[in-house]
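Below is one structure, written out as structure tokens, with a few remarks after it.
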Amino acid sequence: MRLLERLGLHRPELRAWAMYDWANSAMVTTIVTAVFPIYFVKVAGADLAPAQATQRLASATTIGLAIIAVLSPVLGAIADRAGVRKRILGASLGLGVVAVALMFLIQRGDLLLASVLFVIANIAVNASYVCYDSFLPHLAQGEEMDRVSTAGYALGYVGGGLLLAMNLAWIQFPEWFGLPSGPDLTGAQATLPTRLAFVSVAVWWLGFSIPLFRQVPEPPATGDGRVRIGAAFQELGQTFGHLGKFRQAVLMLIAFLVYNDGIGTIIRMATSYGAEIGIGTGAMIASIMIVQFVGIPFAFAFGWLAQKISAKRAVFLGLVVYAGISVLGYFMRTAAHFLILAVLVGMVQGGTQALSRSLFASMIPRDRSAEFFGFFAVVEKFAGIFGPLVFAGVIGATGSSRAAILAIIVFFVVGGALLHFVDVEAGQREARAAER
């Protein structure tokens with residue numbers, strides 16, 4: 001129990017909450033990061049030049065994130081007012097599971113179908129995060145919030161990594177699992193292992209989400225308990241009017257908007273970038289696994305580091321490493337370079353994002369956590385919009401992703417500078433005063 005407390009997993013509801021990270025990270029690793037982007041470029045977009053297919057993927061990402069950016073604050077306000085976090089999360093989960101399962105139908109040249117399903121899956125998983133993240137300040141208090149948040153990311157690396165390892169095993173060695181293999185396969189036979197990986201993600205995401213619905217309590221409604229969209233918009237307007245009371249939380253959101261843009265772009269575009277510059281599939285697969293399993297101990301390590309030097313300084317450290325990754329990515333030429341960058345990403349990815357989440361959670365009033373995490377999601381998604389948009393624009397201007405990856409360094413430098421001015425202690429005092 002002492003070890004579980006150090007890890008932030010010492011109560012059943014904390015473990016159940018963190019298991020949703022285990023569940024949805026399979027979707028992020030296989031669909032957003034690893035397998036589907038390669039499948040999109042090489043199979044669905046096989047009739048286009050690789051750079052054009054990568055650009056289509058970036059555009060689909062932008063569309064999905066733009067839609068959820070608009071929806072997130074409304075979903076958060078409804079969740080708070082009506083006390084329906086679990087219901088909204090469940091609906092998002094169902095939509096995402098169906099979209100991912102239908103990816104089994106994608107064949108060569110099915111670019112429209114692949115794009116539509118990818119957009120829907122992105123909307124669904126990100127809508128679920130609004131409610132999932134908003135549970136954090138209700139479940140964890142004070143100093144344990146950093147540990148609990150990083151524990152969720154660490155379990156996400158474990159869950160996403162395990163399923164990805166299984167997916168890659170039957171994609172690379174289909175004969176081991178009785179799947180079609182050999183040189184004379186039809187298109188449907190050759191893609192069957194990958195398409196089955198998409199189905200496995202849907203099953204995994206659904207199955208491992210069950211503990212959250214069973215063991216995590218629904219926070220009390222702040223309104224009359226009824227789902228009323230008009231009232232939700234009214235509360236959103238009131239919150240906008242009172243944002244001046246939460247200056248530090250707002251500044252944190254702006255800083256997060258900028259630096260998370262760089263993080264999200266690297267996550268989403270790394271494999272398609274690698275494919276474009278000629279990095280072999282085997283090296284890219286290995287790099288993804290490195291990120292997953294290096295990320296497990298380092299996510300927990302960032303929780304420990306936050307207790308020693310503060311969460312804000314730990315995030316700074318992560319941004320410095322990310323800036324170095326952008327520079328190294330520009331000069332990358334070989335598979336060995338790609339693997340070294342994967343180690344660096346694995347060291348900072350989960351910890352930086354987890355501590356950003358817990359920092360923000362500590363500076364918002366708990367009775368409006370879903371609404372504020374709706375704003376957090378807007379910022380996160382607009383970050384996801386601008387990064388791929390810049391990436392796609394630089395590709396269009398230069399014909400290559402190499403300059404685009406270097407341009408991402410600007411987000412880390414500017415975001416880190418803004419984070420410097422966030423007074424965390426003042427933000428926490430503002431939030432507690434609002435609760436009283």
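Convention: chains lettered A, B, ... in structure tokens order; per-chain residue numbering from 1; ligands numbered from 1 as shown.
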
List every residue of range 321-404 of chain A that has an atom at most 8 Å from any atom of range 289-292 of chain A, and for each one report the closest atom pair and its distance in Å to one decimal, counting only C-alpha atoms, with rows sorted by chain and then by increasing residue number, as a tab-separated table.
```
residue	atom	partner	partner_atom	distance
A:Leu339	CA	A:Ile290	CA	7.7
A:Ala342	CA	A:Val291	CA	5.5
A:Val343	CA	A:Val291	CA	6.0
A:Val345	CA	A:Val291	CA	6.3
A:Gly346	CA	A:Val291	CA	4.0
A:Met347	CA	A:Val291	CA	7.7
```

Selected residues written out, C-alpha atoms, as an mmCIF file, in the first residue's frame:
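Done, and the output landed in result-v3.cif:
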```cif
data_model
loop_
_atom_site.group_PDB
_atom_site.id
_atom_site.type_symbol
_atom_site.label_atom_id
_atom_site.label_comp_id
_atom_site.auth_asym_id
_atom_site.auth_seq_id
_atom_site.Cartn_x
_atom_site.Cartn_y
_atom_site.Cartn_z
ATOM 1 C CA LEU A 339 15.231 5.575 -32.259
ATOM 2 C CA ALA A 342 12.006 8.071 -29.527
ATOM 3 C CA VAL A 343 13.900 7.605 -26.244
ATOM 4 C CA VAL A 345 10.189 11.667 -26.440
ATOM 5 C CA GLY A 346 9.394 8.774 -24.107
ATOM 6 C CA MET A 347 11.294 10.473 -21.302
#
```

At a cut-off of 10 Å, using only C-alpha atoms, what residues contact range 183-191 of chain A? Leave out same-chain residues fewer than 6 positions from it and give the result as a PyMOL selection string.
chain A and resi 39+43+104-108+171+174

What does the file look like for those residues with C-alpha atoms, as a PDB file, in the first residue's frame?
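The result, stored in result.pdb:
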```pdb
ATOM      1  CA  TYR A  39      -2.019   2.621 -43.097  1.00  0.00           C
ATOM      2  CA  VAL A  43      -3.082   2.021 -48.188  1.00  0.00           C
ATOM      3  CA  PHE A 104     -11.809  -2.670 -40.565  1.00  0.00           C
ATOM      4  CA  LEU A 105     -13.641  -1.803 -43.811  1.00  0.00           C
ATOM      5  CA  ILE A 106     -10.926   0.539 -45.171  1.00  0.00           C
ATOM      6  CA  GLN A 107      -9.139  -0.786 -48.263  1.00  0.00           C
ATOM      7  CA  ARG A 108      -6.734   0.639 -50.859  1.00  0.00           C
ATOM      8  CA  ILE A 171       0.943  -7.413 -38.396  1.00  0.00           C
ATOM      9  CA  PRO A 174       0.713 -12.984 -39.413  1.00  0.00           C
TER      10      PRO A 174
END
```

Selection near Arg15 in chain A, 10 Å with only C-alpha atoms, sequence-local residues under 2 positions removed, as a list in words:
Leu4, Gly8, Leu9, His10, Arg11, Pro12, Glu13, Trp17, Ala18, Met19, Tyr20, Val148, Ala151, Gly152, Leu155, Pro211, Leu212, Gln215 and Val216 of chain A

Could you save the residues just selected, with N, CA and C atoms, as a PDB file, in the first residue's frame?
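Saved result, out.pdb, follows:
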```pdb
ATOM      1  N   LEU A   4       1.851   1.888  -3.528  1.00  0.00           N
ATOM      2  CA  LEU A   4       0.721   2.411  -4.288  1.00  0.00           C
ATOM      3  C   LEU A   4       0.471   3.878  -3.961  1.00  0.00           C
ATOM      4  N   GLY A   8       0.435   7.042  -6.504  1.00  0.00           N
ATOM      5  CA  GLY A   8      -0.832   7.727  -6.721  1.00  0.00           C
ATOM      6  C   GLY A   8      -1.980   6.797  -7.044  1.00  0.00           C
ATOM      7  N   LEU A   9      -1.860   5.522  -6.632  1.00  0.00           N
ATOM      8  CA  LEU A   9      -2.891   4.518  -6.953  1.00  0.00           C
ATOM      9  C   LEU A   9      -3.372   3.805  -5.689  1.00  0.00           C
ATOM     10  N   HIS A  10      -3.452   4.515  -4.581  1.00  0.00           N
ATOM     11  CA  HIS A  10      -3.680   3.893  -3.281  1.00  0.00           C
ATOM     12  C   HIS A  10      -5.144   3.736  -2.899  1.00  0.00           C
ATOM     13  N   ARG A  11      -6.078   4.221  -3.721  1.00  0.00           N
ATOM     14  CA  ARG A  11      -7.500   4.022  -3.435  1.00  0.00           C
ATOM     15  C   ARG A  11      -8.184   3.400  -4.656  1.00  0.00           C
ATOM     16  N   PRO A  12      -9.212   2.587  -4.437  1.00  0.00           N
ATOM     17  CA  PRO A  12      -9.870   1.909  -5.575  1.00  0.00           C
ATOM     18  C   PRO A  12     -10.367   2.867  -6.644  1.00  0.00           C
ATOM     19  N   GLU A  13     -10.936   4.008  -6.237  1.00  0.00           N
ATOM     20  CA  GLU A  13     -11.466   4.932  -7.234  1.00  0.00           C
ATOM     21  C   GLU A  13     -10.349   5.578  -8.053  1.00  0.00           C
ATOM     22  N   TRP A  17     -10.108   5.163 -12.041  1.00  0.00           N
ATOM     23  CA  TRP A  17      -9.974   6.351 -12.898  1.00  0.00           C
ATOM     24  C   TRP A  17      -8.779   6.199 -13.832  1.00  0.00           C
ATOM     25  N   ALA A  18      -7.651   5.788 -13.292  1.00  0.00           N
ATOM     26  CA  ALA A  18      -6.441   5.650 -14.105  1.00  0.00           C
ATOM     27  C   ALA A  18      -6.591   4.561 -15.166  1.00  0.00           C
ATOM     28  N   MET A  19      -7.447   3.576 -14.920  1.00  0.00           N
ATOM     29  CA  MET A  19      -7.642   2.507 -15.902  1.00  0.00           C
ATOM     30  C   MET A  19      -8.266   3.026 -17.191  1.00  0.00           C
ATOM     31  N   TYR A  20      -8.975   4.164 -17.126  1.00  0.00           N
ATOM     32  CA  TYR A  20      -9.499   4.698 -18.387  1.00  0.00           C
ATOM     33  C   TYR A  20      -8.360   5.183 -19.276  1.00  0.00           C
ATOM     34  N   VAL A 148      -1.262  11.344  -8.888  1.00  0.00           N
ATOM     35  CA  VAL A 148      -2.405  10.655  -9.494  1.00  0.00           C
ATOM     36  C   VAL A 148      -2.452  10.921 -10.994  1.00  0.00           C
ATOM     37  N   ALA A 151       0.280   9.020 -12.655  1.00  0.00           N
ATOM     38  CA  ALA A 151      -0.032   7.583 -12.622  1.00  0.00           C
ATOM     39  C   ALA A 151      -0.978   7.210 -13.751  1.00  0.00           C
ATOM     40  N   GLY A 152      -1.954   8.098 -14.047  1.00  0.00           N
ATOM     41  CA  GLY A 152      -2.856   7.832 -15.158  1.00  0.00           C
ATOM     42  C   GLY A 152      -2.107   7.737 -16.474  1.00  0.00           C
ATOM     43  N   LEU A 155      -0.077   4.411 -16.571  1.00  0.00           N
ATOM     44  CA  LEU A 155      -0.906   3.252 -16.916  1.00  0.00           C
ATOM     45  C   LEU A 155      -1.344   3.315 -18.379  1.00  0.00           C
ATOM     46  N   PRO A 211     -14.209  -0.291 -15.313  1.00  0.00           N
ATOM     47  CA  PRO A 211     -13.964   0.079 -13.908  1.00  0.00           C
ATOM     48  C   PRO A 211     -14.317   1.517 -13.570  1.00  0.00           C
ATOM     49  N   LEU A 212     -14.084   2.448 -14.493  1.00  0.00           N
ATOM     50  CA  LEU A 212     -14.425   3.843 -14.201  1.00  0.00           C
ATOM     51  C   LEU A 212     -15.924   3.988 -13.949  1.00  0.00           C
ATOM     52  N   GLN A 215     -16.733   2.240 -10.372  1.00  0.00           N
ATOM     53  CA  GLN A 215     -16.121   2.593  -9.096  1.00  0.00           C
ATOM     54  C   GLN A 215     -15.869   4.079  -8.875  1.00  0.00           C
ATOM     55  N   VAL A 216     -15.877   4.876  -9.919  1.00  0.00           N
ATOM     56  CA  VAL A 216     -15.639   6.307  -9.737  1.00  0.00           C
ATOM     57  C   VAL A 216     -16.979   7.001  -9.503  1.00  0.00           C
TER      58      VAL A 216
END
```

Which residues, written as JSON, numbers by chain, have at least one atom at most 9 Å from range 89-93 of chain A, with only C-alpha atoms counted and residues fewer than 6 positions away on the same chain left out?
{"A": [24, 123, 124, 125, 126, 127, 128, 129, 130, 131, 132, 205, 206, 209, 213]}

Which is closer to Val422 in chain A than all the others in A:Ser115, A:Val250, A:Arg2, A:Gly83, using only C-alpha atoms?
A:Val250

Quick one, how far is CA of Thr398 in chain A from CA of Gln55 in chain A?
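Distance between the two atoms: 12.4 Å.
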
Just the helix (DSSP H, G or I) stuff from range 105-260 of chain A, please, per backbone DSSP, written as an MDAnalysis selection string.
chainID A and resid 105 111:134 136:139 144:172 174:177 187:207 210:215 229:241 243:260
